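Content type mmCIF, C-alpha atoms, from the file structure_28.cif:
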```cif
data_start
loop_
_atom_site.label_atom_id
_atom_site.label_comp_id
_atom_site.auth_asym_id
_atom_site.auth_seq_id
_atom_site.Cartn_x
_atom_site.Cartn_y
_atom_site.Cartn_z
CA MET O 1 -110.97 -38.16 -120.10
CA GLN O 2 -108.18 -39.47 -122.31
CA GLU O 3 -106.17 -40.49 -119.22
CA LYS O 4 -109.06 -42.61 -117.98
CA MET O 5 -109.37 -44.38 -121.34
CA THR O 6 -105.73 -45.42 -121.30
CA LYS O 7 -105.79 -47.06 -117.86
CA LYS O 8 -105.11 -50.77 -117.74
CA LYS O 9 -108.07 -52.81 -116.50
CA ILE O 10 -107.77 -55.30 -113.64
CA LEU O 11 -110.37 -57.81 -112.49
CA VAL O 12 -110.18 -58.49 -108.73
CA TRP O 13 -111.48 -61.59 -106.92
CA GLU O 14 -112.69 -61.30 -103.31
CA THR O 15 -114.55 -64.17 -101.67
CA LEU O 16 -115.87 -62.43 -98.53
CA GLY O 17 -118.40 -59.60 -98.49
CA THR O 18 -117.23 -58.18 -95.17
CA VAL O 19 -114.25 -55.89 -94.53
CA SER O 20 -111.75 -57.65 -92.30
CA GLY O 21 -107.95 -57.90 -92.62
CA GLY O 22 -107.75 -59.29 -96.16
CA GLN O 23 -110.43 -57.02 -97.59
CA LYS O 24 -108.88 -53.97 -95.90
CA MET O 25 -105.66 -54.88 -97.66
CA THR O 26 -107.42 -55.20 -101.03
CA LEU O 27 -109.11 -51.81 -100.60
CA THR O 28 -105.77 -50.27 -99.66
CA ILE O 29 -104.19 -51.58 -102.85
CA LEU O 30 -107.11 -50.35 -104.97
CA ASP O 31 -106.67 -46.90 -103.40
CA MET O 32 -102.91 -46.94 -103.99
CA LEU O 33 -103.19 -47.88 -107.66
CA SER O 34 -106.41 -46.09 -108.67
CA ASP O 35 -104.50 -43.46 -110.66
CA GLN O 36 -102.86 -46.16 -112.78
CA TYR O 37 -105.52 -48.84 -113.17
CA GLU O 38 -109.25 -49.31 -113.54
CA PHE O 39 -110.72 -52.05 -111.33
CA CYS O 40 -113.76 -54.28 -111.40
CA CYS O 41 -114.33 -56.61 -108.44
CA LEU O 42 -115.97 -60.01 -108.20
CA ILE O 43 -117.55 -60.24 -104.73
CA PRO O 44 -120.02 -62.68 -103.14
CA LYS O 45 -122.83 -60.35 -102.04
CA GLU O 46 -123.89 -56.86 -101.05
CA GLY O 47 -122.46 -55.78 -97.71
CA MET O 48 -119.68 -53.76 -96.16
CA LEU O 49 -117.27 -54.48 -99.01
CA SER O 50 -119.73 -53.41 -101.70
CA GLU O 51 -120.41 -50.19 -99.75
CA GLU O 52 -116.68 -49.43 -99.70
CA LEU O 53 -116.45 -50.09 -103.43
CA LYS O 54 -119.39 -47.75 -104.09
CA LYS O 55 -117.62 -44.99 -102.16
CA ARG O 56 -114.67 -45.42 -104.52
CA ASN O 57 -116.83 -45.66 -107.67
CA ILE O 58 -115.41 -49.12 -108.36
CA SER O 59 -117.70 -51.46 -110.26
CA TYR O 60 -118.42 -54.96 -108.97
CA VAL O 61 -120.28 -58.13 -109.89
CA LEU O 62 -122.08 -60.35 -107.37
CA MET O 63 -120.97 -63.98 -107.57
CA GLY O 64 -122.96 -65.60 -104.74
CA ASP O 65 -121.82 -67.22 -101.50
CA GLN O 66 -118.23 -68.49 -101.63
CA THR O 67 -117.56 -69.20 -97.97
CA LEU O 68 -115.96 -72.43 -96.85
CA PRO O 69 -115.06 -73.66 -93.37
CA THR O 70 -111.53 -72.95 -92.20
CA GLY O 71 -109.22 -75.82 -91.37
CA VAL O 72 -109.26 -79.35 -92.75
CA LYS O 73 -111.91 -79.94 -95.41
CA GLY O 74 -114.10 -83.04 -95.26
CA LYS O 75 -115.48 -84.85 -98.32
CA GLN O 76 -118.73 -82.91 -98.24
CA VAL O 77 -116.85 -79.59 -98.33
CA ILE O 78 -114.60 -80.82 -101.14
CA PHE O 79 -117.63 -81.75 -103.26
CA ARG O 80 -119.21 -78.39 -102.49
CA TYR O 81 -116.02 -76.60 -103.51
CA GLY O 82 -115.90 -78.59 -106.76
CA TRP O 83 -119.44 -77.56 -107.68
CA MET O 84 -118.77 -73.97 -106.56
CA SER O 85 -115.64 -73.94 -108.73
CA LEU O 86 -117.49 -75.03 -111.86
CA LYS O 87 -120.13 -72.32 -111.40
CA ASN O 88 -117.65 -69.58 -110.62
CA ILE O 89 -115.20 -70.41 -113.39
CA TRP O 90 -118.04 -70.45 -115.92
CA LYS O 91 -119.50 -67.16 -114.70
CA SER O 92 -116.07 -65.52 -114.35
CA TRP O 93 -115.12 -66.58 -117.87
CA GLY O 94 -118.15 -64.74 -119.21
CA ILE O 95 -117.37 -61.64 -117.16
CA ILE O 96 -113.76 -61.62 -118.36
CA ARG O 97 -114.85 -61.86 -122.00
CA LYS O 98 -117.21 -58.92 -121.44
CA TYR O 99 -115.00 -56.71 -119.25
CA LYS O 100 -111.78 -57.51 -121.17
CA PRO O 101 -109.33 -56.93 -118.30
CA ASP O 102 -105.59 -56.74 -118.92
CA MET O 103 -104.85 -58.77 -115.77
CA LEU O 104 -106.56 -60.87 -113.09
CA TYR O 105 -105.68 -60.14 -109.45
CA CYS O 106 -106.75 -62.68 -106.84
CA PRO O 107 -106.45 -62.16 -103.07
CA GLY O 108 -109.51 -64.29 -102.22
CA PRO O 109 -108.28 -67.75 -101.10
CA ALA O 110 -111.09 -69.90 -102.53
CA ALA O 111 -110.74 -68.17 -105.89
CA LEU O 112 -107.00 -68.70 -106.36
CA PRO O 113 -107.42 -71.87 -108.51
CA TRP O 114 -110.34 -70.29 -110.39
CA SER O 115 -108.23 -67.30 -111.41
CA ALA O 116 -105.42 -69.58 -112.60
CA ILE O 117 -107.83 -71.60 -114.77
CA CYS O 118 -109.60 -68.50 -116.08
CA GLY O 119 -106.20 -67.05 -116.91
CA ILE O 120 -105.50 -70.08 -119.11
CA LEU O 121 -108.94 -69.99 -120.77
CA THR O 122 -108.78 -66.27 -121.55
CA GLU O 123 -105.00 -65.89 -121.97
CA LYS O 124 -104.85 -63.28 -119.21
CA PRO O 125 -101.93 -62.95 -116.77
CA VAL O 126 -102.72 -63.57 -113.10
CA ILE O 127 -101.29 -62.25 -109.83
CA TRP O 128 -102.08 -64.14 -106.64
CA HIS O 129 -101.90 -62.43 -103.28
CA LEU O 130 -101.58 -64.92 -100.42
CA HIS O 131 -102.63 -63.73 -96.95
CA HIS O 132 -103.38 -67.02 -95.23
CA ILE O 133 -101.90 -70.07 -93.60
CA PHE O 134 -103.72 -72.99 -95.20
CA LEU O 135 -104.38 -75.69 -92.64
CA ASP O 136 -105.69 -78.28 -95.08
CA GLY O 137 -103.21 -80.46 -96.99
CA ALA O 138 -105.52 -80.81 -100.00
CA THR O 139 -105.75 -77.02 -100.28
CA LYS O 140 -101.97 -76.62 -100.22
CA LYS O 141 -101.57 -79.35 -102.84
CA LEU O 142 -104.15 -77.70 -105.11
CA LEU O 143 -102.46 -74.30 -104.80
CA ASN O 144 -99.05 -75.77 -105.56
CA ILE O 145 -100.46 -77.44 -108.68
CA CYS O 146 -102.28 -74.33 -109.91
CA GLY O 147 -99.36 -72.08 -108.94
CA LYS O 148 -97.30 -73.82 -111.63
CA PHE O 149 -99.71 -72.78 -114.39
CA ASN O 150 -98.18 -70.34 -116.88
CA SER O 151 -101.14 -68.00 -116.34
CA VAL O 152 -99.96 -67.32 -112.75
CA ARG O 153 -97.13 -64.84 -113.28
CA LYS O 154 -96.53 -63.64 -109.72
CA ILE O 155 -97.40 -64.88 -106.22
CA ILE O 156 -97.24 -62.11 -103.64
CA ALA O 157 -97.04 -63.44 -100.07
CA VAL O 158 -97.61 -61.32 -96.95
CA SER O 159 -94.84 -63.13 -95.06
CA ASN O 160 -92.16 -65.76 -95.49
CA CYS O 161 -94.22 -68.38 -93.66
CA VAL O 162 -97.09 -67.81 -96.10
CA GLY O 163 -94.86 -67.88 -99.16
CA ASN O 164 -93.10 -71.05 -97.97
CA GLN O 165 -96.36 -72.97 -98.34
CA ILE O 166 -95.71 -72.86 -102.09
CA VAL O 167 -93.08 -75.58 -102.30
CA ALA O 168 -93.30 -76.67 -105.95
CA ASP O 169 -90.19 -75.29 -107.66
CA ALA O 170 -92.03 -73.92 -110.68
CA ALA O 171 -94.45 -72.06 -108.43
CA HIS O 172 -92.12 -71.01 -105.60
CA LYS O 173 -89.83 -69.10 -107.95
CA LYS O 174 -92.80 -66.77 -108.59
CA VAL O 175 -93.16 -65.90 -104.89
CA GLU O 176 -92.36 -62.37 -103.73
CA VAL O 177 -92.71 -61.51 -100.03
CA LEU O 178 -94.23 -58.09 -99.34
CA TYR O 179 -95.13 -57.45 -95.71
CA ASN O 180 -98.44 -55.63 -95.38
CA PRO O 181 -98.39 -51.83 -95.18
CA VAL O 182 -99.86 -49.64 -92.47
CA ASP O 183 -101.09 -46.06 -92.40
CA VAL O 184 -98.48 -44.94 -89.90
CA GLN O 185 -99.86 -41.45 -89.28
CA LYS O 186 -103.42 -42.69 -88.79
CA TYR O 187 -102.48 -45.06 -85.98
CA ALA O 188 -99.69 -42.96 -84.51
CA ASN O 189 -102.11 -40.05 -84.11
CA GLY O 190 -104.91 -41.95 -82.38
CA ASP O 191 -106.43 -40.12 -79.40
CA SER O 192 -107.62 -42.20 -76.45
CA THR O 193 -109.31 -39.22 -74.79
CA SER O 194 -112.01 -39.26 -77.47
CA ILE O 195 -113.35 -42.65 -76.33
CA LYS O 196 -111.98 -43.19 -72.82
CA ALA O 197 -115.15 -41.82 -71.19
CA GLU O 198 -117.27 -44.23 -73.24
CA ILE O 199 -115.19 -47.24 -72.20
CA GLU O 200 -115.06 -46.19 -68.55
CA LYS O 201 -118.83 -45.84 -68.55
CA ILE O 202 -119.12 -49.43 -69.80
CA PHE O 203 -116.86 -50.72 -67.02
CA GLY O 204 -118.23 -48.41 -64.36
CA TYR O 205 -114.80 -47.36 -63.10
CA LYS O 206 -111.78 -45.32 -64.11
CA LEU O 207 -109.05 -46.86 -66.26
CA ASP O 208 -105.90 -45.57 -64.64
CA ASP O 209 -102.29 -46.75 -64.41
CA THR O 210 -103.27 -49.47 -61.92
CA ARG O 211 -105.09 -51.46 -64.62
CA ASN O 212 -103.63 -53.12 -67.70
CA VAL O 213 -105.80 -52.77 -70.79
CA ILE O 214 -105.59 -55.97 -72.85
CA GLY O 215 -106.83 -55.48 -76.40
CA HIS O 216 -107.98 -57.86 -79.11
CA VAL O 217 -108.93 -56.59 -82.58
CA ALA O 218 -110.36 -59.20 -84.97
CA LEU O 219 -113.54 -60.74 -86.29
CA VAL O 220 -115.30 -62.59 -83.50
CA GLN O 221 -114.92 -66.20 -84.60
CA ARG O 222 -113.48 -69.32 -83.02
CA SER O 223 -110.30 -69.26 -85.05
CA LYS O 224 -109.35 -65.83 -83.63
CA ARG O 225 -109.31 -67.29 -80.09
CA GLN O 226 -111.05 -64.59 -78.07
CA ASP O 227 -111.81 -67.41 -75.60
CA PHE O 228 -108.07 -67.79 -74.92
CA VAL O 229 -107.74 -64.08 -74.21
CA LEU O 230 -110.53 -64.36 -71.65
CA ASN O 231 -108.61 -67.18 -69.98
CA VAL O 232 -105.50 -65.00 -69.83
CA ILE O 233 -107.38 -62.07 -68.30
CA ALA O 234 -108.87 -64.42 -65.68
CA GLU O 235 -105.40 -65.71 -64.84
CA LEU O 236 -104.03 -62.18 -64.54
CA LYS O 237 -106.86 -61.39 -62.14
CA LYS O 238 -106.06 -64.49 -60.04
CA ARG O 239 -102.48 -63.27 -59.73
CA GLY O 240 -103.61 -59.90 -58.50
CA ILE O 241 -102.73 -58.11 -61.74
CA ASN O 242 -105.63 -55.74 -62.42
CA SER O 243 -106.54 -56.07 -66.10
CA VAL O 244 -109.48 -55.39 -68.37
CA GLY O 245 -110.18 -56.79 -71.81
CA ILE O 246 -111.43 -54.75 -74.75
CA PHE O 247 -112.55 -56.76 -77.78
CA ALA O 248 -113.26 -54.98 -81.06
CA GLY O 249 -114.56 -56.78 -84.13
CA GLU O 250 -117.67 -57.79 -86.00
CA ALA O 251 -119.34 -60.98 -84.77
CA ARG O 252 -118.89 -63.20 -87.80
CA GLU O 253 -120.03 -66.13 -85.63
CA PRO O 254 -122.83 -64.73 -83.40
CA ASP O 255 -123.24 -68.01 -81.52
CA PHE O 256 -119.56 -67.84 -80.55
CA LEU O 257 -120.05 -64.32 -79.22
CA GLU O 258 -122.75 -65.60 -76.89
CA GLU O 259 -120.44 -68.42 -75.79
CA LEU O 260 -117.74 -65.85 -75.02
CA LYS O 261 -120.07 -63.79 -72.86
CA GLN O 262 -121.07 -66.91 -70.94
CA HIS O 263 -117.43 -67.95 -70.63
CA ALA O 264 -116.61 -64.53 -69.14
CA LYS O 265 -119.36 -65.04 -66.56
CA ASP O 266 -118.04 -68.51 -65.72
CA LEU O 267 -114.56 -67.02 -65.20
CA ASN O 268 -116.02 -64.26 -63.02
CA ILE O 269 -114.61 -61.52 -65.28
CA SER O 270 -117.75 -60.35 -67.11
CA ASP O 271 -117.45 -56.95 -65.38
CA ASP O 272 -113.87 -56.64 -66.62
CA VAL O 273 -114.35 -57.29 -70.34
CA THR O 274 -116.39 -55.69 -73.09
CA PHE O 275 -117.24 -56.70 -76.65
CA LEU O 276 -117.58 -53.51 -78.65
CA GLY O 277 -118.43 -54.99 -82.03
CA ARG O 278 -117.19 -53.45 -85.25
CA ARG O 279 -115.47 -50.09 -84.66
CA SER O 280 -114.21 -47.30 -86.91
CA ASP O 281 -112.01 -45.79 -84.18
CA ILE O 282 -109.34 -48.50 -83.82
CA PRO O 283 -106.49 -45.93 -83.70
CA ASP O 284 -108.11 -44.36 -80.63
CA LEU O 285 -108.76 -47.73 -79.01
CA LEU O 286 -105.16 -48.79 -79.53
CA LYS O 287 -103.92 -45.63 -77.83
CA MET O 288 -105.64 -46.70 -74.62
CA THR O 289 -104.37 -50.29 -74.92
CA ASP O 290 -101.35 -51.53 -72.99
CA VAL O 291 -100.96 -54.89 -74.77
CA LEU O 292 -102.60 -56.21 -77.92
CA MET O 293 -103.04 -59.98 -78.04
CA ILE O 294 -102.83 -62.14 -81.18
CA PRO O 295 -103.43 -65.72 -80.02
CA SER O 296 -104.57 -67.28 -83.32
CA SER O 297 -102.18 -69.77 -84.86
CA PHE O 298 -102.84 -69.29 -88.56
CA GLU O 299 -102.20 -65.58 -89.10
CA GLY O 300 -100.42 -64.86 -92.36
CA PHE O 301 -99.03 -61.55 -91.13
CA PRO O 302 -101.41 -59.79 -88.74
CA LEU O 303 -102.62 -56.36 -89.79
CA ALA O 304 -103.69 -55.75 -86.20
CA GLY O 305 -100.08 -56.22 -85.14
CA LEU O 306 -98.85 -53.64 -87.66
CA GLU O 307 -101.52 -51.18 -86.56
CA ALA O 308 -100.50 -51.69 -82.92
CA ALA O 309 -96.84 -51.17 -83.85
CA ALA O 310 -97.66 -47.87 -85.55
CA ALA O 311 -99.60 -46.82 -82.44
CA GLY O 312 -96.69 -47.75 -80.16
CA VAL O 313 -98.49 -50.69 -78.56
CA PRO O 314 -96.56 -53.92 -77.81
CA VAL O 315 -98.04 -57.25 -78.89
CA ALA O 316 -98.29 -60.62 -77.13
CA ALA O 317 -98.59 -63.25 -79.86
CA CYS O 318 -98.54 -67.02 -80.14
CA ASN O 319 -95.32 -68.53 -81.46
CA VAL O 320 -96.82 -69.88 -84.68
CA ALA O 321 -96.90 -68.73 -88.32
CA GLY O 322 -97.25 -65.03 -89.12
CA ALA O 323 -97.88 -64.00 -85.53
CA GLU O 324 -94.44 -65.30 -84.55
CA GLU O 325 -92.84 -63.82 -87.66
CA PHE O 326 -94.31 -60.41 -86.85
CA ILE O 327 -92.78 -60.41 -83.35
CA ARG O 328 -89.45 -61.68 -84.69
CA VAL O 329 -89.03 -59.07 -87.43
CA SER O 330 -90.56 -56.12 -85.58
CA GLY O 331 -89.29 -56.62 -82.02
CA ASP O 332 -92.63 -55.23 -80.89
CA GLY O 333 -93.60 -57.58 -78.08
CA ALA O 334 -93.17 -61.17 -76.96
CA CYS O 335 -94.31 -64.64 -77.97
CA PHE O 336 -95.89 -67.44 -75.96
CA THR O 337 -96.47 -71.09 -76.75
CA GLU O 338 -99.77 -71.54 -78.53
CA ASN O 339 -102.71 -72.14 -76.18
CA ASN O 340 -100.51 -71.84 -73.06
CA VAL O 341 -102.14 -69.42 -70.61
CA GLU O 342 -99.23 -69.38 -68.17
CA GLU O 343 -96.73 -68.46 -70.90
CA ALA O 344 -99.09 -65.79 -72.22
CA VAL O 345 -99.22 -64.22 -68.76
CA LYS O 346 -95.40 -64.30 -68.58
CA ALA O 347 -95.23 -62.66 -72.02
CA ILE O 348 -97.50 -59.85 -70.83
CA GLU O 349 -95.41 -59.41 -67.68
CA THR O 350 -92.26 -59.19 -69.84
CA ILE O 351 -93.93 -56.63 -72.07
CA MET O 352 -94.94 -54.45 -69.11
CA VAL O 353 -91.32 -54.35 -67.94
CA ARG O 354 -89.94 -53.56 -71.40
CA LYS O 355 -92.92 -51.63 -72.74
CA ALA O 356 -91.09 -48.44 -73.77
CA GLU O 357 -88.35 -50.36 -75.62
CA MET O 358 -90.80 -52.63 -77.44
CA ALA O 359 -93.08 -49.73 -78.35
CA GLU O 360 -90.15 -47.92 -79.94
CA ASN O 361 -89.21 -51.08 -81.85
CA GLY O 362 -92.76 -51.22 -83.17
CA ARG O 363 -92.81 -47.61 -84.28
CA THR O 364 -89.48 -48.05 -86.09
CA PHE O 365 -90.71 -51.17 -87.88
CA ALA O 366 -94.04 -49.61 -88.84
CA ALA O 367 -92.24 -46.62 -90.37
CA LYS O 368 -90.57 -49.02 -92.82
CA MET O 369 -93.98 -50.47 -93.72
CA SER O 370 -95.56 -47.15 -94.69
CA ASN O 371 -98.25 -46.90 -97.35
CA ALA O 372 -95.99 -44.80 -99.57
CA GLU O 373 -93.22 -47.41 -99.55
CA TYR O 374 -95.66 -50.23 -100.19
CA ALA O 375 -97.44 -48.38 -103.01
CA SER O 376 -94.13 -48.09 -104.83
CA ARG O 377 -93.33 -51.79 -104.42
CA ILE O 378 -96.77 -53.16 -105.29
CA GLY O 379 -96.96 -50.78 -108.25
CA LYS O 380 -93.70 -52.19 -109.60
CA GLU O 381 -94.98 -55.78 -109.25
CA PHE O 382 -98.18 -54.93 -111.15
CA GLY O 383 -96.18 -53.01 -113.74
CA LYS O 384 -94.05 -56.07 -114.50
CA ILE O 385 -97.17 -57.99 -115.56
CA VAL O 386 -99.33 -55.39 -117.36
#
```

What is this structure when it is put down as structure tokens?
Amino acid sequence: MQEKMTKKKILVWETLGTVSGGQKMTLTILDMLSDQYEFCCLIPKEGMLSEELKKRNISYVLMGDQTLPTGVKGKQVIFRYGWMSLKNIWKSWGIIRKYKPDMLYCPGPAALPWSAICGILTEKPVIWHLHHIFLDGATKKLLNICGKFNSVRKIIAVSNCVGNQIVADAAHKKVEVLYNPVDVQKYANGDSTSIKAEIEKIFGYKLDDTRNVIGHVALVQRSKRQDFVLNVIAELKKRGINSVGIFAGEAREPDFLEELKQHAKDLNISDDVTFLGRRSDIPDLLKMTDVLMIPSSFEGFPLAGLEAAAAGVPVAACNVAGAEEFIRVSGDGACFTENNVEEAVKAIETIMVRKAEMAENGRTFAAKMSNAEYASRIGKEFGKIV
């Protein structure tokens, strides 16, 4: 009991109620540091994230919807964000005064400025954790301004391309790049036999060595470019390269999912692709995947790529931002010019020729990104502040 009383208290901001890449990373960090710190999370609503927090006996406070469109923000969105900021800063200030945390930790992108301001108001140190490429100039400018505040003590970035968005000298000197971790054993020990029958039943034929399994693991939304992957599979089929597409991920934009299904019909590949929705058996799915595709151009440092690397699966990724950086530092796959179907097909052909070499590169890289190694590094960064 005494040990629990002496734990430092950390207030955590998350601005999505689902569990996708960023939230998985937050939960991983909470698990890694639970012996040292007590956490309370600010989240928008009940959902998958709140269920995960309940499993861990971590308290949380509901803050209301905090979603904003990705990309460039118009005037209407800017006004909405301003009003949202006032409400959230006011409410968060009250929660901080009541909870009395020792530090504020903010991985939720919309909340980064709020945490910096609340840190000033309450004299609490703040750690930012940047996962995203910010496409909007106004957003980058705001983060560079707030990043200079004395309350922001450390800015952890998941890749160099993410950290390099903080260009103001006073803020950039706070940046520390920590590539995301991966549970190496979990993904290395996936077993495709446990789900292969299910997938073959969906397709209505056997998945043998004559067919390439193209995988895509991400939320189903326009920015993740599942439509591009469909185009690539159609082009592979035209060239006589037997391929199937397996898409795993929650439909964050249900209307887009319906568009994808129609697009597959228009391309005459609807019998060769399947949308599985959210899955808990990604390690098993990866083990039956020949190539994982990451076509989105604003990845900070793709968790799906790390998971594929640990599973020994090469990655075909666009040559932009964190997707390109992942291929460059891991050697696990090949890049193609963004939105270029022909180059993506060539990248997949290159991967199939060098699959064993690239898979070994991925496994070697993933081993360096283990949870144990990351826990030590992130623990030291937190320990410097509280």

Surrounding residues of Tyr374 (chain O) excluding itself and chain neighbours under 2 positions, 12 Å, all atoms listed in the file, as a list in words
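Returned residues: Met25, Thr28, Ile29, Asp31, Met32, Leu33, Val158, Val177, Leu178, Tyr179, Asn180, Pro181, Val182, Asp183, Val184, Ala366, Ala367, Lys368, Met369, Ser370, Asn371, Ala372, Ser376, Arg377, Ile378, Gly379, Lys380 and Glu381 of chain O.
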
Given the selection you just returned, output its residues as a file containing C-alpha atoms, formatted as a PDB file, in the coordinates of the input.
```pdb
ATOM      1  CA  MET O  25    -105.660 -54.880 -97.660  1.00  0.00           C
ATOM      2  CA  THR O  28    -105.770 -50.270 -99.660  1.00  0.00           C
ATOM      3  CA  ILE O  29    -104.190 -51.580-102.850  1.00  0.00           C
ATOM      4  CA  ASP O  31    -106.670 -46.900-103.400  1.00  0.00           C
ATOM      5  CA  MET O  32    -102.910 -46.940-103.990  1.00  0.00           C
ATOM      6  CA  LEU O  33    -103.190 -47.880-107.660  1.00  0.00           C
ATOM      7  CA  VAL O 158     -97.610 -61.320 -96.950  1.00  0.00           C
ATOM      8  CA  VAL O 177     -92.710 -61.510-100.030  1.00  0.00           C
ATOM      9  CA  LEU O 178     -94.230 -58.090 -99.340  1.00  0.00           C
ATOM     10  CA  TYR O 179     -95.130 -57.450 -95.710  1.00  0.00           C
ATOM     11  CA  ASN O 180     -98.440 -55.630 -95.380  1.00  0.00           C
ATOM     12  CA  PRO O 181     -98.390 -51.830 -95.180  1.00  0.00           C
ATOM     13  CA  VAL O 182     -99.860 -49.640 -92.470  1.00  0.00           C
ATOM     14  CA  ASP O 183    -101.090 -46.060 -92.400  1.00  0.00           C
ATOM     15  CA  VAL O 184     -98.480 -44.940 -89.900  1.00  0.00           C
ATOM     16  CA  ALA O 366     -94.040 -49.610 -88.840  1.00  0.00           C
ATOM     17  CA  ALA O 367     -92.240 -46.620 -90.370  1.00  0.00           C
ATOM     18  CA  LYS O 368     -90.570 -49.020 -92.820  1.00  0.00           C
ATOM     19  CA  MET O 369     -93.980 -50.470 -93.720  1.00  0.00           C
ATOM     20  CA  SER O 370     -95.560 -47.150 -94.690  1.00  0.00           C
ATOM     21  CA  ASN O 371     -98.250 -46.900 -97.350  1.00  0.00           C
ATOM     22  CA  ALA O 372     -95.990 -44.800 -99.570  1.00  0.00           C
ATOM     23  CA  SER O 376     -94.130 -48.090-104.830  1.00  0.00           C
ATOM     24  CA  ARG O 377     -93.330 -51.790-104.420  1.00  0.00           C
ATOM     25  CA  ILE O 378     -96.770 -53.160-105.290  1.00  0.00           C
ATOM     26  CA  GLY O 379     -96.960 -50.780-108.250  1.00  0.00           C
ATOM     27  CA  LYS O 380     -93.700 -52.190-109.600  1.00  0.00           C
ATOM     28  CA  GLU O 381     -94.980 -55.780-109.250  1.00  0.00           C
TER      29      GLU O 381
END
```

Just so the selection is clear, what residues does the PyMOL selection byres ((chain O and resi 110) around 12) cover here, as a PyMOL selection string?
chain O and resi 13-16+43-44+65-70+78+80-82+84-85+88-89+106-109+111-116+128-132+134+139-140+142-143

Which residues, written as a PyMOL selection string, have at least one atom at most 9 Å from Leu53 (chain O), with all atoms listed in the file counted and residues fewer than 6 positions away on the same chain left out?
chain O and resi 27+41+59-60

List every protein, DNA or RNA residue that has at least one atom no more than 12 Å from (-109.0, -73.2, -119.2) in the file's coordinates, counting only C-alpha atoms, and write the result as an NGL selection string.
:O and (86 or 89-90 or 92-93 or 113-124 or 146 or 149-151)

If the PyMOL selection byres ((chain O and resi 194) around 12) is run on the structure shown, which residues does it catch, given as a PyMOL selection string?
chain O and resi 189-193+195-200+281-288

Name the residues captured by the PyMOL selection byres ((chain O and resi 296) around 10) when it is applied to the shown file; answer as a ChimeraX atom specification.
/O:222-226,228,293-295,297-299,302,317-323,338-339

Considering all atoms listed in the file, return as a list in words whatever protein or nucleic-acid residues lie within 6 Å of region 324-337 of chain O, sequence-local ones (same chain, fewer than 5 positions apart) excluded.
Pro314, Val315, Ala316, Ala317, Cys318, Asn319, Glu343, Ala344, Ala347, Met358, Asn361, Gly362 and Phe365 of chain O

Would you pick out the contacts of Pro254 (chain O) at 12 Å or less, using all atoms listed in the file, so that residues sharing its chain but fewer than 4 positions from it are not included, and give the list as a PDB file with C-alpha atoms, keeping the file's coordinate frame?
```pdb
ATOM      1  CA  LEU O 219    -113.540 -60.740 -86.290  1.00  0.00           C
ATOM      2  CA  VAL O 220    -115.300 -62.590 -83.500  1.00  0.00           C
ATOM      3  CA  GLN O 221    -114.920 -66.200 -84.600  1.00  0.00           C
ATOM      4  CA  ARG O 222    -113.480 -69.320 -83.020  1.00  0.00           C
ATOM      5  CA  GLY O 249    -114.560 -56.780 -84.130  1.00  0.00           C
ATOM      6  CA  GLU O 250    -117.670 -57.790 -86.000  1.00  0.00           C
ATOM      7  CA  GLU O 258    -122.750 -65.600 -76.890  1.00  0.00           C
ATOM      8  CA  GLU O 259    -120.440 -68.420 -75.790  1.00  0.00           C
ATOM      9  CA  LEU O 260    -117.740 -65.850 -75.020  1.00  0.00           C
ATOM     10  CA  LYS O 261    -120.070 -63.790 -72.860  1.00  0.00           C
ATOM     11  CA  PHE O 275    -117.240 -56.700 -76.650  1.00  0.00           C
ATOM     12  CA  GLY O 277    -118.430 -54.990 -82.030  1.00  0.00           C
TER      13      GLY O 277
END
```

For Gly163 (chain O), the closest of O:Ile58, O:Gly300, O:Thr210, O:Thr364 counting only C-alpha atoms is O:Gly300

Which residue gives the smallest distance to Ile127 (chain O) among O:Val217, O:Ile166, O:Ile155, O:Leu306, with all atoms listed in the file counted?
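Once distances to Ile127 (chain O) are computed over all atoms listed in the file, the minimum belongs to O:Ile155.
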
Nearest residue to Gln23 (chain O) from the set O:Val229, O:Ile241, O:Leu303, O:Val126 (distances using only C-alpha atoms)
O:Leu303

Pull the neighbourhood of (-93.6, -63.5, -106.6) for me: all residues within 6 Å in file coordinates, counting all atoms listed in the file, as a compact mmCIF listing (two decimals) with C-alpha atoms, keeping the file's coordinate frame.
```txt
# COMPACT_ATOMS: atom_id res chain seq x y z
CA LYS O 154 -96.53 -63.64 -109.72
CA ILE O 155 -97.40 -64.88 -106.22
CA ILE O 156 -97.24 -62.11 -103.64
CA LYS O 174 -92.80 -66.77 -108.59
CA VAL O 175 -93.16 -65.90 -104.89
CA GLU O 176 -92.36 -62.37 -103.73
```

Between CA of Arg279 (chain O) and CA of Glu307 (chain O), what is the distance, to one decimal in Å?
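So the two atoms, CA of Arg279 (chain O) and CA of Glu307 (chain O), lie 14.1 Å apart.
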
Which residues are close to Ala304 (chain O), i.e. within 9 Å by only C-alpha atoms, leaving aside same-chain residues fewer than 3 positions away? Reply as a PyMOL selection string.
chain O and resi 21+216-218+292+294+301+307-309

If you keep C-alpha atoms, can you produce a file of those selected residues as a PDB file, in the frame of the given file?
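File part28.pdb, as written:
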```pdb
ATOM      1  CA  GLY O  21    -107.950 -57.900 -92.620  1.00  0.00           C
ATOM      2  CA  HIS O 216    -107.980 -57.860 -79.110  1.00  0.00           C
ATOM      3  CA  VAL O 217    -108.930 -56.590 -82.580  1.00  0.00           C
ATOM      4  CA  ALA O 218    -110.360 -59.200 -84.970  1.00  0.00           C
ATOM      5  CA  LEU O 292    -102.600 -56.210 -77.920  1.00  0.00           C
ATOM      6  CA  ILE O 294    -102.830 -62.140 -81.180  1.00  0.00           C
ATOM      7  CA  PHE O 301     -99.030 -61.550 -91.130  1.00  0.00           C
ATOM      8  CA  GLU O 307    -101.520 -51.180 -86.560  1.00  0.00           C
ATOM      9  CA  ALA O 308    -100.500 -51.690 -82.920  1.00  0.00           C
ATOM     10  CA  ALA O 309     -96.840 -51.170 -83.850  1.00  0.00           C
TER      11      ALA O 309
END
```
